[in-house]
>>> print(open('work-v3.txt').read())   # compact mmCIF, N, CA and C atoms
# COMPACT_ATOMS: atom_id res chain seq x y z
N MET A 1 140.48 163.27 28.13
CA MET A 1 139.52 162.84 29.13
C MET A 1 138.54 163.95 29.44
N GLU A 2 138.35 164.81 28.55
CA GLU A 2 137.33 165.82 28.59
C GLU A 2 137.37 166.69 29.84
N GLY A 3 138.49 167.37 30.05
CA GLY A 3 138.59 168.35 31.10
C GLY A 3 138.31 167.85 32.51
N MET A 4 138.80 166.70 32.85
CA MET A 4 138.67 166.10 34.17
C MET A 4 137.23 165.79 34.56
N THR A 5 136.32 165.66 33.59
CA THR A 5 134.95 165.34 33.93
C THR A 5 134.73 163.83 34.06
N ALA A 6 135.61 163.04 33.48
CA ALA A 6 135.45 161.59 33.55
C ALA A 6 135.80 161.09 34.95
N GLU A 7 135.04 160.12 35.39
CA GLU A 7 135.30 159.48 36.67
C GLU A 7 136.15 158.22 36.50
N PHE A 8 136.06 157.62 35.32
CA PHE A 8 136.78 156.38 35.05
C PHE A 8 137.45 156.45 33.69
N LEU A 9 138.64 155.91 33.60
CA LEU A 9 139.35 155.74 32.34
C LEU A 9 139.30 154.27 31.99
N VAL A 10 138.87 153.95 30.78
CA VAL A 10 138.81 152.56 30.32
C VAL A 10 139.47 152.45 28.96
N CYS A 11 139.81 151.23 28.59
CA CYS A 11 140.42 150.98 27.28
C CYS A 11 139.91 149.63 26.78
N PRO A 12 139.35 149.59 25.57
CA PRO A 12 138.86 148.32 25.05
C PRO A 12 140.02 147.35 24.76
N PRO A 13 139.75 146.05 24.85
CA PRO A 13 140.79 145.03 24.69
C PRO A 13 141.08 144.66 23.24
N HIS A 14 141.33 145.66 22.39
CA HIS A 14 141.54 145.40 20.96
C HIS A 14 142.80 144.61 20.64
N HIS A 15 143.86 144.80 21.37
CA HIS A 15 145.15 144.20 21.00
C HIS A 15 145.66 143.22 22.05
N LEU A 16 144.76 142.43 22.58
CA LEU A 16 145.18 141.44 23.58
C LEU A 16 146.20 140.49 22.98
N ALA A 17 147.18 140.15 23.77
CA ALA A 17 148.21 139.19 23.36
C ALA A 17 148.76 138.53 24.62
N PRO A 18 149.24 137.30 24.50
CA PRO A 18 149.83 136.67 25.69
C PRO A 18 151.03 137.49 26.16
N VAL A 19 151.04 137.83 27.44
CA VAL A 19 152.13 138.65 27.97
C VAL A 19 152.76 137.95 29.15
N ASP A 20 152.02 137.86 30.24
CA ASP A 20 152.62 137.32 31.45
C ASP A 20 151.67 136.53 32.33
N GLY A 21 150.44 136.36 31.89
CA GLY A 21 149.52 135.53 32.63
C GLY A 21 148.87 136.15 33.84
N VAL A 22 148.88 137.49 33.98
CA VAL A 22 148.25 138.08 35.15
C VAL A 22 146.84 138.60 34.91
N SER A 23 146.45 138.81 33.68
CA SER A 23 145.09 139.29 33.46
C SER A 23 144.13 138.11 33.35
N ALA A 24 142.86 138.41 33.53
CA ALA A 24 141.84 137.36 33.47
C ALA A 24 141.73 136.76 32.07
N TRP A 25 142.18 137.50 31.06
CA TRP A 25 142.06 137.03 29.69
C TRP A 25 143.35 136.43 29.15
N ASP A 26 144.35 136.30 29.98
CA ASP A 26 145.66 135.87 29.50
C ASP A 26 146.28 134.89 30.49
N ASP A 27 146.37 133.64 30.11
CA ASP A 27 146.99 132.68 31.02
C ASP A 27 148.48 132.53 30.73
N GLY A 28 149.00 133.33 29.78
CA GLY A 28 150.42 133.34 29.48
C GLY A 28 150.89 132.21 28.59
N ARG A 29 150.00 131.29 28.24
CA ARG A 29 150.42 130.13 27.45
C ARG A 29 149.78 130.07 26.07
N ARG A 30 148.70 130.76 25.89
CA ARG A 30 147.99 130.68 24.61
C ARG A 30 147.39 132.04 24.27
N GLU A 31 146.90 132.16 23.07
CA GLU A 31 146.26 133.40 22.67
C GLU A 31 145.04 133.66 23.56
N PRO A 32 144.84 134.90 23.98
CA PRO A 32 143.68 135.23 24.81
C PRO A 32 142.37 134.96 24.07
N ASP A 33 141.34 134.72 24.80
CA ASP A 33 140.00 134.50 24.25
C ASP A 33 139.38 135.87 24.00
N THR A 34 139.61 136.41 22.81
CA THR A 34 139.17 137.78 22.53
C THR A 34 137.64 137.90 22.50
N ALA A 35 136.95 136.88 22.05
CA ALA A 35 135.48 136.95 22.03
C ALA A 35 134.94 137.13 23.45
N THR A 36 135.47 136.36 24.38
CA THR A 36 135.04 136.49 25.77
C THR A 36 135.47 137.83 26.34
N ALA A 37 136.68 138.25 26.01
CA ALA A 37 137.17 139.54 26.51
C ALA A 37 136.25 140.67 26.07
N PHE A 38 135.88 140.70 24.78
CA PHE A 38 135.02 141.77 24.29
C PHE A 38 133.62 141.70 24.86
N ALA A 39 133.09 140.50 25.03
CA ALA A 39 131.76 140.35 25.63
C ALA A 39 131.77 140.86 27.07
N GLU A 40 132.76 140.46 27.83
CA GLU A 40 132.85 140.89 29.22
C GLU A 40 133.12 142.39 29.32
N TRP A 41 133.99 142.90 28.47
CA TRP A 41 134.31 144.32 28.50
C TRP A 41 133.09 145.15 28.13
N GLY A 42 132.38 144.75 27.09
CA GLY A 42 131.18 145.47 26.68
C GLY A 42 130.11 145.49 27.76
N ALA A 43 129.91 144.36 28.43
CA ALA A 43 128.93 144.29 29.51
C ALA A 43 129.36 145.19 30.67
N PHE A 44 130.65 145.19 30.98
CA PHE A 44 131.17 146.05 32.04
C PHE A 44 130.94 147.52 31.71
N LEU A 45 131.30 147.92 30.48
CA LEU A 45 131.15 149.31 30.08
C LEU A 45 129.68 149.74 30.12
N GLN A 46 128.80 148.90 29.62
CA GLN A 46 127.38 149.22 29.63
C GLN A 46 126.87 149.38 31.07
N ARG A 47 127.29 148.50 31.93
CA ARG A 47 126.86 148.58 33.34
C ARG A 47 127.42 149.84 34.01
N LEU A 48 128.65 150.16 33.71
CA LEU A 48 129.30 151.32 34.30
C LEU A 48 128.62 152.62 33.85
N VAL A 49 128.36 152.73 32.55
CA VAL A 49 127.81 153.96 32.01
C VAL A 49 126.29 154.04 32.19
N GLN A 50 125.58 153.02 31.73
CA GLN A 50 124.13 153.07 31.78
C GLN A 50 123.57 152.65 33.13
N GLY A 51 124.10 151.58 33.68
CA GLY A 51 123.57 151.08 34.94
C GLY A 51 123.94 151.92 36.14
N ALA A 52 125.18 152.40 36.18
CA ALA A 52 125.65 153.16 37.34
C ALA A 52 125.72 154.66 37.06
N GLY A 53 125.50 155.07 35.80
CA GLY A 53 125.51 156.47 35.45
C GLY A 53 126.85 157.17 35.63
N ARG A 54 127.95 156.46 35.42
CA ARG A 54 129.29 157.02 35.61
C ARG A 54 129.79 157.68 34.33
N ARG A 55 130.61 158.71 34.50
CA ARG A 55 131.23 159.39 33.36
C ARG A 55 132.53 158.65 33.04
N VAL A 56 132.65 158.23 31.79
CA VAL A 56 133.76 157.37 31.38
C VAL A 56 134.50 158.00 30.20
N ALA A 57 135.83 157.98 30.27
CA ALA A 57 136.68 158.36 29.14
C ALA A 57 137.32 157.08 28.61
N GLN A 58 137.38 156.96 27.29
CA GLN A 58 137.98 155.77 26.70
C GLN A 58 139.32 156.11 26.06
N ALA A 59 140.34 155.38 26.48
CA ALA A 59 141.66 155.51 25.87
C ALA A 59 141.68 154.64 24.62
N ALA A 60 142.22 155.17 23.55
CA ALA A 60 142.36 154.38 22.32
C ALA A 60 143.49 153.37 22.52
N PRO A 61 143.24 152.11 22.23
CA PRO A 61 144.28 151.10 22.43
C PRO A 61 145.44 151.27 21.45
N ILE A 62 146.62 150.88 21.90
CA ILE A 62 147.83 150.92 21.08
C ILE A 62 148.27 149.49 20.82
N ARG A 63 148.52 149.15 19.57
CA ARG A 63 148.88 147.76 19.22
C ARG A 63 150.10 147.27 20.00
N SER A 64 151.07 148.12 20.23
CA SER A 64 152.29 147.69 20.91
C SER A 64 152.14 147.66 22.44
N ALA A 65 150.93 147.93 22.92
CA ALA A 65 150.68 147.94 24.37
C ALA A 65 149.47 147.06 24.71
N PRO A 66 149.63 145.74 24.67
CA PRO A 66 148.49 144.83 24.85
C PRO A 66 147.87 144.86 26.24
N ARG A 67 148.54 145.44 27.23
CA ARG A 67 148.00 145.48 28.58
C ARG A 67 147.21 146.76 28.87
N MET A 68 147.01 147.61 27.88
CA MET A 68 146.29 148.86 28.11
C MET A 68 144.90 148.71 28.69
N PRO A 69 144.16 147.63 28.40
CA PRO A 69 142.85 147.50 29.05
C PRO A 69 142.93 147.45 30.57
N LEU A 70 144.09 147.17 31.11
CA LEU A 70 144.28 147.19 32.56
C LEU A 70 144.74 148.59 32.96
N VAL A 71 143.85 149.58 32.78
CA VAL A 71 144.22 150.99 32.92
C VAL A 71 144.55 151.41 34.34
N SER A 72 144.31 150.57 35.31
CA SER A 72 144.74 150.94 36.67
C SER A 72 146.26 151.10 36.69
N GLY A 73 146.93 150.50 35.71
CA GLY A 73 148.37 150.64 35.58
C GLY A 73 148.79 151.88 34.84
N ALA A 74 147.86 152.80 34.52
CA ALA A 74 148.20 154.03 33.82
C ALA A 74 148.91 155.02 34.73
N GLY A 75 148.50 155.04 35.96
CA GLY A 75 149.06 155.99 36.90
C GLY A 75 148.12 156.14 38.08
N LEU A 76 148.32 157.21 38.80
CA LEU A 76 147.49 157.50 39.96
C LEU A 76 147.13 158.98 39.90
N VAL A 77 145.85 159.28 40.12
CA VAL A 77 145.36 160.66 40.09
C VAL A 77 144.78 160.99 41.46
N HIS A 78 145.18 162.14 41.98
CA HIS A 78 144.64 162.59 43.26
C HIS A 78 144.68 164.11 43.29
N ARG A 79 143.52 164.72 43.53
CA ARG A 79 143.41 166.17 43.68
C ARG A 79 144.06 166.95 42.55
N GLY A 80 143.79 166.52 41.32
CA GLY A 80 144.28 167.25 40.16
C GLY A 80 145.71 166.99 39.76
N ILE A 81 146.38 166.06 40.46
CA ILE A 81 147.76 165.72 40.13
C ILE A 81 147.79 164.27 39.66
N ALA A 82 148.49 164.02 38.56
CA ALA A 82 148.64 162.67 38.02
C ALA A 82 150.11 162.27 38.07
N VAL A 83 150.34 161.04 38.49
CA VAL A 83 151.67 160.45 38.43
C VAL A 83 151.55 159.27 37.47
N VAL A 84 152.26 159.34 36.36
CA VAL A 84 152.21 158.28 35.35
C VAL A 84 153.04 157.10 35.84
N ALA A 85 152.50 155.91 35.66
CA ALA A 85 153.19 154.70 36.10
C ALA A 85 154.48 154.48 35.34
N ARG A 86 155.41 153.83 35.99
CA ARG A 86 156.65 153.38 35.35
C ARG A 86 156.83 151.93 35.78
N HIS A 87 156.53 151.03 34.86
CA HIS A 87 156.54 149.61 35.17
C HIS A 87 157.94 149.02 35.02
N ARG A 88 158.18 147.95 35.75
CA ARG A 88 159.47 147.25 35.63
C ARG A 88 159.59 146.54 34.30
N GLY A 89 158.48 146.01 33.79
CA GLY A 89 158.51 145.26 32.54
C GLY A 89 158.58 146.18 31.33
N ALA A 90 159.58 146.00 30.49
CA ALA A 90 159.74 146.84 29.30
C ALA A 90 158.56 146.73 28.36
N TRP A 91 157.80 145.64 28.43
CA TRP A 91 156.66 145.45 27.53
C TRP A 91 155.55 146.45 27.81
N ARG A 92 155.64 147.28 28.86
CA ARG A 92 154.63 148.31 29.14
C ARG A 92 155.15 149.71 28.85
N ASP A 93 156.38 149.84 28.35
CA ASP A 93 156.99 151.14 28.12
C ASP A 93 156.22 152.01 27.12
N ASP A 94 155.56 151.40 26.14
CA ASP A 94 154.85 152.18 25.12
C ASP A 94 153.64 152.92 25.69
N GLU A 95 153.15 152.50 26.84
CA GLU A 95 151.95 153.11 27.41
C GLU A 95 152.21 154.47 28.06
N ALA A 96 153.34 154.62 28.73
CA ALA A 96 153.59 155.81 29.55
C ALA A 96 153.45 157.14 28.80
N PRO A 97 154.07 157.31 27.63
CA PRO A 97 153.92 158.60 26.94
C PRO A 97 152.46 158.88 26.55
N TYR A 98 151.75 157.84 26.18
CA TYR A 98 150.35 158.00 25.80
C TYR A 98 149.53 158.44 27.01
N TYR A 99 149.71 157.79 28.15
CA TYR A 99 148.97 158.16 29.35
C TYR A 99 149.36 159.56 29.83
N ARG A 100 150.62 159.91 29.73
CA ARG A 100 151.05 161.26 30.10
C ARG A 100 150.27 162.29 29.28
N THR A 101 150.17 162.08 27.98
CA THR A 101 149.43 162.99 27.11
C THR A 101 147.96 163.03 27.50
N LEU A 102 147.35 161.88 27.80
CA LEU A 102 145.95 161.86 28.23
C LEU A 102 145.74 162.70 29.49
N PHE A 103 146.62 162.54 30.46
CA PHE A 103 146.50 163.29 31.70
C PHE A 103 146.69 164.79 31.48
N VAL A 104 147.69 165.16 30.69
CA VAL A 104 147.93 166.58 30.40
C VAL A 104 146.73 167.18 29.67
N ASP A 105 146.23 166.48 28.63
CA ASP A 105 145.09 166.97 27.87
C ASP A 105 143.84 167.11 28.72
N ALA A 106 143.75 166.29 29.78
CA ALA A 106 142.59 166.35 30.67
C ALA A 106 142.72 167.47 31.70
N GLY A 107 143.88 168.14 31.72
CA GLY A 107 144.05 169.25 32.63
C GLY A 107 144.73 168.92 33.95
N TYR A 108 145.26 167.73 34.07
CA TYR A 108 145.96 167.36 35.30
C TYR A 108 147.39 167.90 35.29
N ILE A 109 147.92 168.18 36.46
CA ILE A 109 149.34 168.47 36.63
C ILE A 109 150.01 167.10 36.66
N VAL A 110 151.00 166.89 35.83
CA VAL A 110 151.66 165.58 35.77
C VAL A 110 153.02 165.68 36.45
N GLU A 111 153.19 164.90 37.48
CA GLU A 111 154.45 164.84 38.22
C GLU A 111 155.27 163.66 37.73
N ALA A 112 156.57 163.85 37.60
CA ALA A 112 157.48 162.78 37.15
C ALA A 112 158.06 162.05 38.35
N LEU A 113 158.28 160.78 38.17
CA LEU A 113 158.94 159.98 39.19
C LEU A 113 160.45 160.11 39.06
N PRO A 114 161.17 159.96 40.16
CA PRO A 114 162.64 159.96 40.07
C PRO A 114 163.12 158.78 39.25
N ASP A 115 164.26 158.94 38.59
CA ASP A 115 164.85 157.84 37.82
C ASP A 115 165.02 156.61 38.71
N GLY A 116 164.76 155.47 38.13
CA GLY A 116 164.96 154.21 38.85
C GLY A 116 163.82 153.79 39.74
N VAL A 117 162.77 154.60 39.84
CA VAL A 117 161.64 154.25 40.68
C VAL A 117 160.56 153.60 39.83
N ALA A 118 160.17 152.39 40.18
CA ALA A 118 159.08 151.69 39.49
C ALA A 118 157.80 151.93 40.27
N PHE A 119 156.72 152.12 39.53
CA PHE A 119 155.43 152.40 40.16
C PHE A 119 154.34 151.87 39.23
N GLY A 120 153.48 151.02 39.72
CA GLY A 120 152.44 150.40 38.91
C GLY A 120 151.13 151.16 38.85
N GLY A 121 151.14 152.43 39.19
CA GLY A 121 149.91 153.20 39.15
C GLY A 121 148.95 152.77 40.25
N ALA A 122 147.67 152.95 40.01
CA ALA A 122 146.66 152.58 40.99
C ALA A 122 146.61 151.07 41.21
N ALA A 123 147.27 150.32 40.35
CA ALA A 123 147.31 148.87 40.51
C ALA A 123 148.25 148.44 41.63
N ASP A 124 149.13 149.33 42.08
CA ASP A 124 150.06 149.00 43.17
C ASP A 124 149.35 148.93 44.50
>>> encode(input="work-v3.txt", output="structure tokens")
Amino acid sequence: MEGMTAEFLVCPPHHLAPVDGVSAWDDGRREPDTATAFAEWGAFLQRLVQGAGRRVAQAAPIRSAPRMPLVSGAGLVHRGIAVVARHRGAWRDDEAPYYRTLFVDAGYIVEALPDGVAFGGAAD
């Protein structure tokens, strides 16, 4: 994330898949509408970067982590400290090590949660 210069972390919706029906692109019953997802995501990114002049870091999507575009679930960052999310659903387990590495590489101090504590990141 380029030495904590980014204001927003985003992830393109490359590996969308039906998971649980909570995202706008996933009703949990059928394959997500990827064309709409990419059109909406591209418009959002353009507006964020060009329209609002925000500094954005992009996380590379992981095939085994279809919910990565919902990056508010990555963790929570405050005053140089990052706490990586630990979700109850096992289908999000592949994301945590990747986000931990992103936060460390960006220069954040990464704090670990106690065993057994679930935390949805900034999405909570």
>>> select_by_dssp(input="work-v3.txt", residues="chain A", states="strand (DSSP E)", output="VMD selection string")
chain A and resid 8 to 10 56 to 58 75 to 78 81 to 84 109 to 111
>>> select_by_dssp(input="work-v3.txt", residues="chain A", states="alpha helix (DSSP H)", output="PyMOL selection string")
chain A and resi 34-46+95-105
>>> atom_distance(input="work-v3.txt", atom1="atom N of Ala37 of chain A", atom2="atom N of His15 of chain A")
10.8 Å
>>> closest_residue(input="work-v3.txt", among="A:Ala60, A:Val117, A:Cys11, A:Ala122", to="Leu76 of chain A", atoms="all atoms listed in the file")
A:Ala122
>>> atom_distance(input="work-v3.txt", atom1="atom CA of Ser72 of chain A", atom2="atom N of Val10 of chain A")
8.8 Å
>>> atom_distance(input="work-v3.txt", atom1="atom C of Pro12 of chain A", atom2="atom N of Tyr108 of chain A")
23.0 Å
>>> decode(input="work-v3.txt", residues="segment 60-72 of chain A", atoms="all heavy atoms", output="JSON list (two decimals), in the first residue's frame")
[["chain", "number", "residue", "atom", "x", "y", "z"],
["A", 60, "ALA", "N", -4.54, -7.21, -4.95],
["A", 60, "ALA", "CA", -4.74, -8.20, -6.02],
["A", 60, "ALA", "C", -5.72, -9.26, -5.53],
["A", 60, "ALA", "O", -5.56, -9.78, -4.42],
["A", 60, "ALA", "CB", -3.41, -8.83, -6.39],
["A", 61, "PRO", "N", -6.74, -9.55, -6.31],
["A", 61, "PRO", "CA", -7.73, -10.54, -5.87],
["A", 61, "PRO", "C", -7.15, -11.95, -5.82],
["A", 61, "PRO", "O", -6.23, -12.29, -6.57],
["A", 61, "PRO", "CB", -8.83, -10.45, -6.93],
["A", 61, "PRO", "CG", -8.16, -9.88, -8.13],
["A", 61, "PRO", "CD", -7.03, -9.03, -7.63],
["A", 62, "ILE", "N", -7.68, -12.75, -4.91],
["A", 62, "ILE", "CA", -7.27, -14.15, -4.76],
["A", 62, "ILE", "C", -8.46, -15.01, -5.15],
["A", 62, "ILE", "O", -9.58, -14.80, -4.68],
["A", 62, "ILE", "CB", -6.87, -14.45, -3.29],
["A", 62, "ILE", "CG1", -5.69, -13.58, -2.89],
["A", 62, "ILE", "CG2", -6.55, -15.93, -3.11],
["A", 62, "ILE", "CD1", -5.37, -13.67, -1.41],
["A", 63, "ARG", "N", -8.24, -15.98, -6.02],
["A", 63, "ARG", "CA", -9.34, -16.83, -6.52],
["A", 63, "ARG", "C", -10.11, -17.51, -5.38],
["A", 63, "ARG", "O", -11.33, -17.61, -5.42],
["A", 63, "ARG", "CB", -8.81, -17.88, -7.48],
["A", 63, "ARG", "CG", -9.92, -18.76, -8.08],
["A", 63, "ARG", "CD", -9.45, -19.64, -9.21],
["A", 63, "ARG", "NE", -8.90, -18.90, -10.32],
["A", 63, "ARG", "CZ", -9.61, -18.23, -11.24],
["A", 63, "ARG", "NH1", -10.91, -18.20, -11.16],
["A", 63, "ARG", "NH2", -9.01, -17.61, -12.23],
["A", 64, "SER", "N", -9.42, -17.93, -4.34],
["A", 64, "SER", "CA", -10.09, -18.64, -3.25],
["A", 64, "SER", "C", -10.76, -17.70, -2.25],
["A", 64, "SER", "O", -11.30, -18.15, -1.25],
["A", 64, "SER", "CB", -9.08, -19.53, -2.52],
["A", 64, "SER", "OG", -8.07, -18.74, -1.95],
["A", 65, "ALA", "N", -10.74, -16.40, -2.54],
["A", 65, "ALA", "CA", -11.35, -15.41, -1.65],
["A", 65, "ALA", "C", -12.30, -14.50, -2.42],
["A", 65, "ALA", "O", -11.98, -13.34, -2.69],
["A", 65, "ALA", "CB", -10.25, -14.61, -0.96],
["A", 66, "PRO", "N", -13.48, -15.00, -2.79],
["A", 66, "PRO", "CA", -14.39, -14.23, -3.66],
["A", 66, "PRO", "C", -14.96, -12.98, -3.02],
["A", 66, "PRO", "O", -15.49, -12.12, -3.71],
["A", 66, "PRO", "CB", -15.50, -15.23, -3.97],
["A", 66, "PRO", "CG", -15.48, -16.21, -2.85],
["A", 66, "PRO", "CD", -14.03, -16.31, -2.45],
["A", 67, "ARG", "N", -14.85, -12.81, -1.70],
["A", 67, "ARG", "CA", -15.39, -11.63, -1.04],
["A", 67, "ARG", "C", -14.36, -10.51, -0.88],
["A", 67, "ARG", "O", -14.64, -9.49, -0.27],
["A", 67, "ARG", "CB", -15.93, -12.02, 0.35],
["A", 67, "ARG", "CG", -17.10, -12.96, 0.35],
["A", 67, "ARG", "CD", -18.38, -12.32, -0.16],
["A", 67, "ARG", "NE", -18.77, -11.14, 0.59],
["A", 67, "ARG", "CZ", -19.40, -11.14, 1.74],
["A", 67, "ARG", "NH1", -19.75, -12.27, 2.30],
["A", 67, "ARG", "NH2", -19.68, -10.01, 2.34],
["A", 68, "MET", "N", -13.17, -10.67, -1.44],
["A", 68, "MET", "CA", -12.14, -9.64, -1.29],
["A", 68, "MET", "C", -12.55, -8.26, -1.76],
["A", 68, "MET", "O", -12.09, -7.26, -1.21],
["A", 68, "MET", "CB", -10.85, -10.07, -1.95],
["A", 68, "MET", "CG", -10.07, -11.03, -1.07],
["A", 68, "MET", "SD", -8.43, -11.36, -1.69],
["A", 68, "MET", "CE", -7.62, -9.80, -1.43],
["A", 69, "PRO", "N", -13.41, -8.11, -2.78],
["A", 69, "PRO", "CA", -13.82, -6.75, -3.15],
["A", 69, "PRO", "C", -14.50, -5.99, -2.01],
["A", 69, "PRO", "O", -14.58, -4.77, -2.04],
["A", 69, "PRO", "CB", -14.77, -6.96, -4.33],
["A", 69, "PRO", "CG", -14.29, -8.23, -4.94],
["A", 69, "PRO", "CD", -13.88, -9.08, -3.77],
["A", 70, "LEU", "N", -14.98, -6.70, -1.01],
["A", 70, "LEU", "CA", -15.57, -6.06, 0.16],
["A", 70, "LEU", "C", -14.47, -5.83, 1.19],
["A", 70, "LEU", "O", -14.43, -6.43, 2.26],
["A", 70, "LEU", "CB", -16.69, -6.93, 0.73],
["A", 70, "LEU", "CG", -17.78, -7.30, -0.29],
["A", 70, "LEU", "CD1", -18.75, -8.29, 0.31],
["A", 70, "LEU", "CD2", -18.50, -6.06, -0.79],
["A", 71, "VAL", "N", -13.50, -4.96, 0.85],
["A", 71, "VAL", "CA", -12.29, -4.81, 1.65],
["A", 71, "VAL", "C", -12.50, -4.19, 3.02],
["A", 71, "VAL", "O", -11.59, -4.20, 3.84],
["A", 71, "VAL", "CB", -11.18, -4.03, 0.89],
["A", 71, "VAL", "CG1", -10.71, -4.80, -0.31],
["A", 71, "VAL", "CG2", -11.65, -2.64, 0.53],
["A", 72, "SER", "N", -13.68, -3.69, 3.29],
["A", 72, "SER", "CA", -13.91, -3.20, 4.66],
["A", 72, "SER", "C", -13.77, -4.35, 5.64],
["A", 72, "SER", "O", -13.51, -4.14, 6.82],
["A", 72, "SER", "CB", -15.29, -2.56, 4.79],
["A", 72, "SER", "OG", -16.31, -3.50, 4.53]]
